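Source file upload18.txt; content: compact mmCIF, C-alpha atoms.
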# COMPACT_ATOMS: atom_id res chain seq x y z
CA MET M 1 212.35 107.79 57.01
CA LEU M 2 208.87 108.97 56.10
CA MET M 3 207.72 109.28 52.50
CA ALA M 4 204.54 110.05 50.56
CA MET M 5 204.60 110.48 46.80
CA HIS M 6 202.96 110.26 43.41
CA ALA M 7 205.53 109.54 40.74
CA THR M 8 206.08 107.93 37.35
CA ILE M 9 209.19 106.15 36.10
CA GLN M 10 209.84 107.50 32.62
CA LEU M 11 210.61 104.25 30.82
CA ASP M 12 209.00 102.99 27.65
CA PRO M 13 206.18 102.60 28.55
CA GLU M 14 205.91 104.91 31.58
CA VAL M 15 205.42 103.11 34.89
CA PRO M 16 203.47 104.77 37.72
CA ILE M 17 204.82 103.99 41.18
CA PRO M 18 201.79 102.47 42.93
CA SER M 19 200.68 103.34 46.44
CA SER M 20 201.00 99.60 47.18
CA ALA M 21 204.79 99.73 46.70
CA ALA M 22 206.36 98.27 49.83
CA ALA M 23 209.31 99.69 51.71
CA ILE M 24 212.28 97.31 51.84
CA SER M 25 214.14 97.38 55.11
CA LYS M 26 217.92 97.14 55.11
CA THR M 27 219.97 95.54 57.83
CA GLY M 28 223.35 96.69 59.03
CA SER M 29 224.80 99.75 60.67
CA CYS M 30 223.22 103.14 60.11
CA ASP M 31 225.21 106.16 59.03
CA PRO M 32 223.77 109.28 60.71
CA HIS M 33 224.63 111.32 57.59
CA ILE M 34 223.14 109.04 54.91
CA ALA M 35 219.54 107.83 54.58
CA ASN M 36 218.45 105.15 52.10
CA PHE M 37 214.86 104.48 51.16
CA ASN M 38 213.92 101.53 48.99
CA LEU M 39 210.58 100.61 47.41
CA GLN M 40 209.59 97.42 45.65
CA TRP M 41 206.48 96.27 43.78
CA THR M 42 205.33 93.86 41.07
CA ASP M 43 203.21 95.02 38.16
CA GLY M 44 200.46 93.07 36.39
CA LEU M 45 202.94 91.70 33.82
CA GLY M 46 205.17 90.09 36.43
CA TYR M 47 207.94 92.69 36.38
CA ILE M 48 209.54 93.41 39.74
CA PHE M 49 210.48 97.07 40.19
CA THR M 50 212.74 98.59 42.84
CA VAL M 51 213.44 102.26 43.43
CA SER M 52 216.18 103.41 45.80
CA THR M 53 216.62 106.98 47.01
CA VAL M 54 219.71 108.22 48.88
CA PHE M 55 219.74 111.37 51.01
CA LYS M 56 222.91 112.91 52.46
CA VAL M 57 223.41 115.41 55.29
CA ASN M 58 225.69 118.38 54.74
CA GLY M 59 225.89 120.69 57.76
CA ASN M 60 222.36 121.48 58.94
CA SER M 61 220.67 120.53 55.68
CA TYR M 62 220.14 117.36 53.69
CA LYS M 63 219.61 116.77 50.01
CA MET M 64 218.48 114.04 47.71
CA ASP M 65 221.71 112.63 46.31
CA LYS M 66 220.87 109.67 44.10
CA ILE M 67 217.85 107.83 42.71
CA SER M 68 218.26 104.43 41.10
CA GLY M 69 216.14 101.46 40.24
CA THR M 70 215.68 98.16 38.51
CA ARG M 71 213.06 96.36 36.46
CA SER M 72 213.34 92.60 36.23
CA ARG M 73 211.40 89.55 35.14
CA GLY M 74 213.20 86.25 34.78
CA LEU M 75 216.42 86.90 32.84
CA ASN M 76 215.15 90.28 31.62
CA PHE M 77 216.92 92.91 33.78
CA PHE M 78 217.21 96.67 33.36
CA SER M 79 218.76 99.16 35.78
CA TRP M 80 219.07 102.94 35.83
CA SER M 81 220.60 105.57 38.05
CA ASP M 82 220.19 109.35 38.32
CA GLN M 83 222.58 111.47 40.35
CA SER M 84 222.89 115.24 40.39
CA SER M 85 224.29 118.00 42.53
CA SER M 86 221.17 120.05 41.80
CA TYR M 87 218.59 117.83 43.51
CA PRO M 88 216.29 119.37 46.14
CA SER M 89 217.46 120.09 49.69
CA ALA M 90 215.88 120.97 53.06
CA THR M 91 216.89 121.62 56.67
CA VAL M 92 217.51 118.54 58.82
CA GLY M 93 214.38 117.96 60.96
CA ASN M 94 212.09 119.42 58.28
CA SER M 95 210.37 117.52 55.51
CA MET M 96 211.06 118.13 51.83
CA ASN M 97 207.82 118.91 50.02
CA CYS M 98 207.60 119.34 46.28
CA SER M 99 204.85 119.64 43.70
CA GLU M 100 206.88 118.74 40.62
CA PHE M 101 210.39 117.42 40.29
CA ASN M 102 212.10 115.44 37.54
CA SER M 103 215.17 113.43 38.57
CA GLY M 104 215.88 112.37 35.01
CA THR M 105 214.16 108.98 35.08
CA ILE M 106 211.47 109.58 37.70
CA TYR M 107 208.94 112.37 37.41
CA PHE M 108 207.49 113.22 40.82
CA THR M 109 204.16 115.03 40.58
CA LYS M 110 203.88 115.36 44.37
CA TYR M 111 206.07 114.14 47.18
CA GLN M 112 206.99 114.67 50.80
CA PHE M 113 210.19 113.10 52.15
CA GLN M 114 211.36 113.09 55.73
CA PRO M 115 214.73 111.34 55.90
CA PHE M 116 216.42 111.41 59.29
CA ALA M 117 212.91 111.33 60.84
CA GLN M 118 214.42 110.24 64.16
CA GLN M 119 215.36 113.91 64.63
CA SER M 120 211.67 114.87 64.43
CA GLN M 121 210.27 112.04 66.62
CA GLU M 122 209.24 109.98 63.54
CA GLN M 123 206.80 112.71 62.49
CA TYR M 124 206.86 114.92 59.41
CA GLY M 125 208.71 118.09 60.36
CA LYS M 126 207.84 121.53 59.02
CA ALA M 127 207.36 121.19 55.26
CA GLU M 128 209.91 123.07 53.16
CA GLU M 129 208.97 123.58 49.54
CA CYS M 130 211.65 121.91 47.52
CA SER M 131 214.51 124.19 46.73
CA LEU M 132 216.80 123.22 43.91
CA SER M 133 220.47 124.02 44.28
CA SER M 134 220.55 124.97 40.63
CA GLY M 135 217.40 127.11 40.68
CA SER M 136 219.50 130.19 39.99
CA SER M 137 221.10 128.46 37.02
CA PHE M 138 217.64 128.09 35.48
CA TRP M 139 217.16 131.86 35.63
CA ALA M 140 220.69 132.41 34.38
CA PHE M 141 219.89 130.14 31.43
CA LEU M 142 216.72 132.15 30.68
CA VAL M 143 218.62 135.46 30.80
CA ILE M 144 221.38 134.15 28.52
CA ALA M 145 218.80 132.71 26.10
CA ALA M 146 216.95 136.05 26.01
CA ILE M 147 220.19 137.97 25.35
CA CYS M 148 221.09 135.57 22.54
CA LEU M 149 217.66 136.04 20.97
CA VAL M 150 218.02 139.82 21.09
CA VAL M 151 221.49 139.65 19.50
CA VAL M 152 220.20 137.36 16.74
CA ALA M 153 217.25 139.70 16.11
CA VAL M 154 219.56 142.74 15.87
CA VAL M 155 221.94 140.95 13.48
CA VAL M 156 219.05 139.80 11.27
CA GLY M 157 217.62 143.33 11.28
CA VAL M 158 220.95 144.87 10.24
CA VAL M 159 221.39 142.31 7.45
CA VAL M 160 217.87 143.01 6.14
CA ILE M 161 218.50 146.78 6.12
CA ILE M 162 221.82 146.37 4.28
CA VAL M 163 220.29 144.04 1.69
CA LYS M 164 217.42 146.49 1.06
CA LYS M 165 219.84 149.42 0.62
CA VAL M 166 222.01 147.47 -1.82
CA LYS M 167 218.94 146.46 -3.87
CA THR M 168 217.57 150.01 -4.02
CA ARG M 169 220.95 151.49 -5.11
CA SER M 170 221.37 149.01 -7.93
CA GLY M 171 217.81 149.59 -9.10
CA TYR M 172 218.39 153.20 -10.22
CA LYS M 173 220.19 154.40 -13.36
CA GLN M 174 222.09 157.63 -13.43
CA ILE M 175 220.84 160.31 -15.87
CA GLN M 176 223.32 162.75 -17.42
Reformat the file's structure so that it appears as structure tokens.
Amino acid sequence: MLMAMHATIQLDPEVPIPSSAAAISKTGSCDPHIANFNLQWTDGLGYIFTVSTVFKVNGNSYKMDKISGTRSRGLNFFSWSDQSSSYPSATVGNSMNCSEFNSGTIYFTKYQFQPFAQQSQEQYGKAEECSLSSGSSFWAFLVIAAICLVVVAVVVGVVVIIVKKVKTRSGYKQIQ
């Protein structure tokens, strides 16, 4: 697993993930279809932070599946977890490269992930700009929002015209 990133955990207050964060190695058997990457660091206040990222292979592509983490100091412990079917994906053997991505709790301003790096001789493979599974749903949302705005504008316009006509009719007296 290869990783380079600039990111902030969106807690109160926000916590930047430092470049000094150390990778935590896991022992045990490896699943060729799941990659875990874990970071840990201590801030100046004595809090210990961990961030875990899970990637899963599906066919010839892989995608970020889950991001979770903890913040602890003494008995003070807080954990969080973000999981979505719309996280970025890339082709196995290529690296996932993204300029901005928000997982829910972590805001990545720049990152490059290469899970399953053994398939690219432990080197970053061709960089694929992050593609979100739900990218089309974003555009669908924009189209639906635009249609709703047009419908609201038409309804408001019709109501205004009707109100003006009613006011002008009642303002005249009939002469005989």
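With distances taken over all atoms listed in the file, M:Ser99 is the one residue among M:Ser99, M:Gln123, M:Thr42, M:Ser25 lying closest to Tyr111 (chain M).
Using only C-alpha atoms, the nearest neighbour of Gly74 (chain M) within the list M:Leu45, M:Met5, M:Val51, M:Val155 is M:Leu45.
Between CA of Asn97 (chain M) and CA of Phe113 (chain M) the separation is 6.6 Å.
With distances taken over all atoms listed in the file, M:Thr105 is the one residue among M:Ser95, M:Ser52, M:Thr105, M:Gln112 lying closest to Pro16 (chain M).
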So which residues touch Ile48 (chain M) within 10 Å, counting all atoms listed in the file, skipping near sequence neighbours fewer than 2 positions away, as a PDB file with C-alpha atoms, keeping the file's coordinate frame?
ATOM      1  CA  GLN M  40     209.590  97.420  45.650  1.00  0.00           C
ATOM      2  CA  TRP M  41     206.480  96.270  43.780  1.00  0.00           C
ATOM      3  CA  THR M  42     205.330  93.860  41.070  1.00  0.00           C
ATOM      4  CA  ASP M  43     203.210  95.020  38.160  1.00  0.00           C
ATOM      5  CA  GLY M  44     200.460  93.070  36.390  1.00  0.00           C
ATOM      6  CA  LEU M  45     202.940  91.700  33.820  1.00  0.00           C
ATOM      7  CA  GLY M  46     205.170  90.090  36.430  1.00  0.00           C
ATOM      8  CA  THR M  50     212.740  98.590  42.840  1.00  0.00           C
ATOM      9  CA  THR M  70     215.680  98.160  38.510  1.00  0.00           C
ATOM     10  CA  ARG M  71     213.060  96.360  36.460  1.00  0.00           C
ATOM     11  CA  SER M  72     213.340  92.600  36.230  1.00  0.00           C
ATOM     12  CA  ARG M  73     211.400  89.550  35.140  1.00  0.00           C
ATOM     13  CA  GLY M  74     213.200  86.250  34.780  1.00  0.00           C
ATOM     14  CA  PHE M  77     216.920  92.910  33.780  1.00  0.00           C
TER      15      PHE M  77
END
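Proximity of M:Ala4, M:Leu75, M:Ile147, M:Ala21 to Cys98 (chain M), computed with only C-alpha atoms, is greatest for M:Ala4.
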Pairwise distance for CA of Ala145 (chain M) and CA of Met64 (chain M), rounded to one decimal in Å: 28.6 Å
